[in-house]
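Written out below as structure tokens is the structure these notes cover.
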Amino acid sequence: MMHKRFNSFLMGLNVDFPDPSFLKAADEKWYAFGTNGNGKRIQVASSTDFNTWTLLDIEALPTLSTWETTKDHYGPDTILRDDGKYVMYYSGEAKSDIGHHCIGTAIADKPTGPYVPSNTPLSCRLEQGGSIDPSGFADADGTRYVVFKVDGNSIGNGGDCNNGVEPLVSTPIMLQKLQADCITPIGDAVQILDRSTADNDGPLVEAPSLVLHEGTYFLSYSTHCYTDMAYDVRWATASSVAGPYHKTNVQLVKTEGGGGLTSPGVATFCGCGDRMLFHGWCNFAKTRRCMYVADISLTGKYAAIV
């Protein structure tokens, strides 16, 4: 498989592998997880060096929960629980509200699965458009959280990503505290970010990923519509896990001309603070989103590609 080097990033997978997340497993290998594609509900890839990746012929989620349909499994994220089990968060279409999603959880003994889903979704918020883009986080004291997006643009008024026509709908990023099992909520989720016209976010903010680095919480997120050339990766920072988060409005990754990146987004930062994965269109027809690898530097409140 070709791994093309660009100026500051590497194409890790030259296949359709949208919304990549990753973890370093107990076997010291890296595993990436992607949205449905290539005949799989949840895709899995592996690497020993984080640069060269292999798409595995594995269905990570072979069985489904009672609340979800068989289509549209988006944005998986997997964490290693304290007891050695692997917990996957993912978005699935709700049977009770077709076209809208809930966040499911599933547990496995191995990073590649099979993951066995719970029959109770972690979050739905269907009256607000649904819940998508989950990403797990462990704080310095071991407390577990998941951040996610309320999919408000799914009930918008049309236009760009269905939220380009006034009045625009809120698409907040939420923080949900969890019990030690990493699947049971503690209290209600709290809002930590939202789209803003003043910040030139376009119709939405989405795809959050949270890391703690040297006392600063870095929240990466994407703005604009994933089909738009303005789709990008930005970050906000806070001194407390619940915020307030302050947007930098700096584009960490953006569309580049001359055959470079096109509509990059959905970045996942490594907890180690030195690398990330994200996706971008890998053909002009915009039918495939490839996975890209980048080295990053988190210093103070600033993030940069290196």
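Just so we're on the same page: first chain in the structure tokens is A, next is B, and so on; residues restart at 1 for each chain, and ligands are numbered from 1 in the order they show up.
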Contacts of segment 269-284 of chain A at 8 Å or less, counting only C-alpha atoms, minus same-chain residues fewer than 4 places along, as a PyMOL selection string? chain A and resi 14+17-23+209-213+220+261-265+288-298
Those selected residues, please, written with N, CA and C atoms and delivered as an mmCIF file, in the first residue's frame.
data_model
loop_
_atom_site.group_PDB
_atom_site.id
_atom_site.type_symbol
_atom_site.label_atom_id
_atom_site.label_comp_id
_atom_site.auth_asym_id
_atom_site.auth_seq_id
_atom_site.Cartn_x
_atom_site.Cartn_y
_atom_site.Cartn_z
ATOM 1 N N ASN A 14 -4.142 4.801 1.915
ATOM 2 C CA ASN A 14 -4.654 5.291 0.644
ATOM 3 C C ASN A 14 -5.912 4.505 0.252
ATOM 4 N N PHE A 17 -11.067 5.630 4.550
ATOM 5 C CA PHE A 17 -10.966 5.352 5.985
ATOM 6 C C PHE A 17 -11.289 6.642 6.737
ATOM 7 N N PRO A 18 -12.579 7.056 6.722
ATOM 8 C CA PRO A 18 -12.946 8.341 7.320
ATOM 9 C C PRO A 18 -12.933 8.308 8.846
ATOM 10 N N ASP A 19 -12.816 9.500 9.429
ATOM 11 C CA ASP A 19 -12.998 9.717 10.869
ATOM 12 C C ASP A 19 -12.065 8.861 11.711
ATOM 13 N N PRO A 20 -10.763 8.855 11.438
ATOM 14 C CA PRO A 20 -9.878 7.935 12.150
ATOM 15 C C PRO A 20 -9.636 8.337 13.601
ATOM 16 N N SER A 21 -9.661 7.350 14.462
ATOM 17 C CA SER A 21 -9.211 7.500 15.847
ATOM 18 C C SER A 21 -8.198 6.395 16.096
ATOM 19 N N PHE A 22 -7.522 6.420 17.240
ATOM 20 C CA PHE A 22 -6.490 5.417 17.448
ATOM 21 C C PHE A 22 -6.166 5.250 18.925
ATOM 22 N N LEU A 23 -5.482 4.161 19.226
ATOM 23 C CA LEU A 23 -4.916 3.944 20.543
ATOM 24 C C LEU A 23 -3.700 3.047 20.424
ATOM 25 N N SER A 209 -11.756 15.993 20.030
ATOM 26 C CA SER A 209 -10.780 15.081 20.626
ATOM 27 C C SER A 209 -10.081 15.851 21.737
ATOM 28 N N LEU A 210 -9.993 15.246 22.920
ATOM 29 C CA LEU A 210 -9.509 15.961 24.099
ATOM 30 C C LEU A 210 -8.260 15.287 24.651
ATOM 31 N N VAL A 211 -7.221 16.097 24.908
ATOM 32 C CA VAL A 211 -6.014 15.592 25.571
ATOM 33 C C VAL A 211 -5.572 16.610 26.617
ATOM 34 N N LEU A 212 -4.851 16.119 27.613
ATOM 35 C CA LEU A 212 -4.245 16.962 28.653
ATOM 36 C C LEU A 212 -2.741 16.926 28.448
ATOM 37 N N HIS A 213 -2.138 18.110 28.287
ATOM 38 C CA HIS A 213 -0.693 18.174 28.066
ATOM 39 C C HIS A 213 -0.094 19.287 28.911
ATOM 40 N N SER A 220 -9.340 19.510 20.208
ATOM 41 C CA SER A 220 -9.329 19.687 18.760
ATOM 42 C C SER A 220 -10.743 19.493 18.228
ATOM 43 N N LEU A 261 -3.521 18.631 0.648
ATOM 44 C CA LEU A 261 -4.727 18.233 1.360
ATOM 45 C C LEU A 261 -5.968 18.887 0.777
ATOM 46 N N THR A 262 -7.086 18.138 0.823
ATOM 47 C CA THR A 262 -8.384 18.676 0.443
ATOM 48 C C THR A 262 -9.384 18.380 1.541
ATOM 49 N N SER A 263 -9.925 19.430 2.133
ATOM 50 C CA SER A 263 -10.949 19.327 3.183
ATOM 51 C C SER A 263 -10.521 18.399 4.318
ATOM 52 N N PRO A 264 -9.356 18.646 4.937
ATOM 53 C CA PRO A 264 -8.919 17.786 6.042
ATOM 54 C C PRO A 264 -9.716 18.066 7.309
ATOM 55 N N GLY A 265 -9.914 17.026 8.103
ATOM 56 C CA GLY A 265 -10.635 17.212 9.356
ATOM 57 C C GLY A 265 -10.652 15.955 10.192
ATOM 58 N N ARG A 288 -13.724 9.200 -1.652
ATOM 59 C CA ARG A 288 -12.923 8.483 -0.652
ATOM 60 C C ARG A 288 -12.196 9.490 0.233
ATOM 61 N N ARG A 289 -12.142 9.168 1.536
ATOM 62 C CA ARG A 289 -11.378 9.977 2.472
ATOM 63 C C ARG A 289 -10.235 9.134 3.032
ATOM 64 N N CYS A 290 -9.019 9.543 2.731
ATOM 65 C CA CYS A 290 -7.831 8.816 3.168
ATOM 66 C C CYS A 290 -7.445 9.235 4.587
ATOM 67 N N MET A 291 -6.669 8.374 5.237
ATOM 68 C CA MET A 291 -6.153 8.670 6.566
ATOM 69 C C MET A 291 -4.747 9.237 6.460
ATOM 70 N N TYR A 292 -4.506 10.329 7.180
ATOM 71 C CA TYR A 292 -3.212 10.985 7.187
ATOM 72 C C TYR A 292 -2.607 10.971 8.588
ATOM 73 N N VAL A 293 -1.276 10.997 8.605
ATOM 74 C CA VAL A 293 -0.492 10.968 9.838
ATOM 75 C C VAL A 293 0.311 12.256 9.928
ATOM 76 N N ALA A 294 0.389 12.851 11.119
ATOM 77 C CA ALA A 294 1.203 14.052 11.299
ATOM 78 C C ALA A 294 1.841 14.047 12.685
ATOM 79 N N ASP A 295 3.054 14.573 12.761
ATOM 80 C CA ASP A 295 3.687 14.845 14.048
ATOM 81 C C ASP A 295 3.256 16.232 14.490
ATOM 82 N N ILE A 296 2.960 16.371 15.777
ATOM 83 C CA ILE A 296 2.524 17.656 16.300
ATOM 84 C C ILE A 296 3.355 18.039 17.515
ATOM 85 N N SER A 297 3.307 19.310 17.830
ATOM 86 C CA SER A 297 3.944 19.832 19.032
ATOM 87 C C SER A 297 2.912 20.631 19.810
ATOM 88 N N LEU A 298 2.710 20.273 21.082
ATOM 89 C CA LEU A 298 1.836 21.019 21.978
ATOM 90 C C LEU A 298 2.734 21.741 22.984
#
Kindly provide the residues of segment 175-271 of chain A that approach segment 81-100 of chain A to within 9 Å, each paired with its closest atom pair and their distance in Å to one decimal, based on only C-alpha atoms, listed by chain and increasing number, as a tab-separated table.
residue	atom	partner	partner_atom	distance
A:Ala180	CA	A:Asp82	CA	8.0
A:Asp181	CA	A:Arg81	CA	7.4
A:Cys182	CA	A:Arg81	CA	7.2
A:Ile183	CA	A:Val87	CA	8.0
What does the file look like for those residues with N, CA and C atoms, as a PDB file, in the first residue's frame?
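Produced file again-v9.pdb, reproduced below:
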ATOM      1  N   ALA A 180     -16.300   4.266  36.313  1.00  0.00           N
ATOM      2  CA  ALA A 180     -15.064   3.561  35.995  1.00  0.00           C
ATOM      3  C   ALA A 180     -15.243   2.527  34.883  1.00  0.00           C
ATOM      4  N   ASP A 181     -16.503   2.098  34.639  1.00  0.00           N
ATOM      5  CA  ASP A 181     -16.738   1.145  33.548  1.00  0.00           C
ATOM      6  C   ASP A 181     -16.653   1.801  32.170  1.00  0.00           C
ATOM      7  N   CYS A 182     -16.524   3.127  32.144  1.00  0.00           N
ATOM      8  CA  CYS A 182     -16.363   3.927  30.917  1.00  0.00           C
ATOM      9  C   CYS A 182     -17.592   3.931  30.025  1.00  0.00           C
ATOM     10  N   ILE A 183     -18.721   3.434  30.521  1.00  0.00           N
ATOM     11  CA  ILE A 183     -19.936   3.419  29.711  1.00  0.00           C
ATOM     12  C   ILE A 183     -21.163   3.968  30.443  1.00  0.00           C
TER      13      ILE A 183
END
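With only C-alpha atoms as the atoms that count, the minimum distance from Lys301 of chain A to the choices A:Ala242, A:Glu214, A:Lys286, A:Glu68 is reached by A:Glu214.
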For Lys247 of chain A, please output as a list in words all residues within 12 Å (counting only C-alpha atoms; exclusion window: fewer than 4 positions along the same chain). Ile192, Leu193, Asp194, Arg195, Ser196, Ala198, Asp199, Asn200, Asp201, Val205, Tyr217, Phe218, Leu219, Ser220, Tyr221, Ser222, Thr223, Val233, Arg234, Trp235, Ala236, Thr237, Ala238, Gly243, Gln251, Lys301 and Tyr302 of chain A
Would you export the selected residues with C-alpha atoms as a CSV table (one decimal), in the first residue's frame, please?
chain,number,residue,atom,x,y,z
A,192,ILE,CA,-17.9,23.0,26.4
A,193,LEU,CA,-18.0,24.5,22.9
A,194,ASP,CA,-20.4,25.5,20.1
A,195,ARG,CA,-20.3,27.0,16.6
A,196,SER,CA,-20.1,30.7,16.2
A,198,ALA,CA,-18.1,35.4,14.8
A,199,ASP,CA,-15.4,32.7,14.8
A,200,ASN,CA,-16.1,31.8,11.2
A,201,ASP,CA,-17.0,28.2,12.1
A,205,VAL,CA,-18.3,22.4,14.9
A,217,TYR,CA,-6.5,20.7,28.1
A,218,PHE,CA,-6.4,20.8,24.3
A,219,LEU,CA,-9.7,20.2,22.5
A,220,SER,CA,-9.3,19.7,18.8
A,221,TYR,CA,-12.4,20.1,16.5
A,222,SER,CA,-13.4,20.6,12.9
A,223,THR,CA,-15.4,23.5,11.5
A,233,VAL,CA,-8.9,21.3,12.2
A,234,ARG,CA,-8.7,23.9,15.0
A,235,TRP,CA,-8.2,23.7,18.7
A,236,ALA,CA,-9.3,25.4,21.9
A,237,THR,CA,-7.7,25.3,25.3
A,238,ALA,CA,-8.7,25.3,29.0
A,243,GLY,CA,-13.7,24.6,30.7
A,251,GLN,CA,-6.2,26.3,11.5
A,301,LYS,CA,-1.5,26.7,24.7
A,302,TYR,CA,-0.2,26.3,21.1
Please extract the residues of segment 42-280 of chain A with a backbone DSSP assignment of strand (DSSP E) and present them as a VMD selection string. chain A and resid 43 to 47 54 to 55 74 to 80 86 to 93 101 to 108 116 to 117 131 to 138 144 to 150 173 to 178 190 to 193 205 to 213 216 to 223 232 to 238 246 to 247 265 to 269 275 to 280
How would you write, as a PyMOL selection string, the set of residues in segment 143-222 of chain A that DSSP gives as helix (DSSP H, G or I)? chain A and resi 152-155+160-162
How would the residues just chosen look if you wrote them out with C-alpha atoms as a short mmCIF file (atom, residue, chain, number, x, y, z; two decimals), in the first residue's frame?
data_model
loop_
_atom_site.label_atom_id
_atom_site.label_comp_id
_atom_site.auth_asym_id
_atom_site.auth_seq_id
_atom_site.Cartn_x
_atom_site.Cartn_y
_atom_site.Cartn_z
CA GLY A 152 -28.00 19.94 15.46
CA ASN A 153 -27.36 20.52 11.77
CA SER A 154 -29.24 17.28 11.02
CA ILE A 155 -32.41 19.19 11.92
CA ASP A 160 -24.40 23.96 3.71
CA CYS A 161 -24.41 20.71 5.74
CA ASN A 162 -28.13 21.40 6.27
#
Between atom CA of Val190 of chain A and atom CA of Thr216 of chain A, what is the spacing in Å?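 So the answer is 18.8 Å.
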Residue with the minimum atom-to-atom distance to Gly156 of chain A, picked from A:Gln191, A:Pro203, A:Ile103, A:Asn36 with only C-alpha atoms counted, is A:Pro203
What is the atom CA of Ile305 of chain A-atom CA of Thr287 of chain A distance in Å, reported with one decimal?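 So the two atoms, atom CA of Ile305 of chain A and atom CA of Thr287 of chain A, lie 26.4 Å apart.
In this structure, atom CA of Thr48 of chain A sits 7.7 Å away from atom CA of Glu28 of chain A.
Once Asp139 of chain A and its same-chain neighbours fewer than 4 positions away are set aside, Thr143, Arg144, Tyr145, Leu212 and Val241 of chain A remain within 8 Å of it when counting only C-alpha atoms.
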Ranking A:Pro121, A:Gly12, A:Pro244, A:Gly260 by minimum distance to Asp49 of chain A and counting only C-alpha atoms, which one comes first? A:Gly12
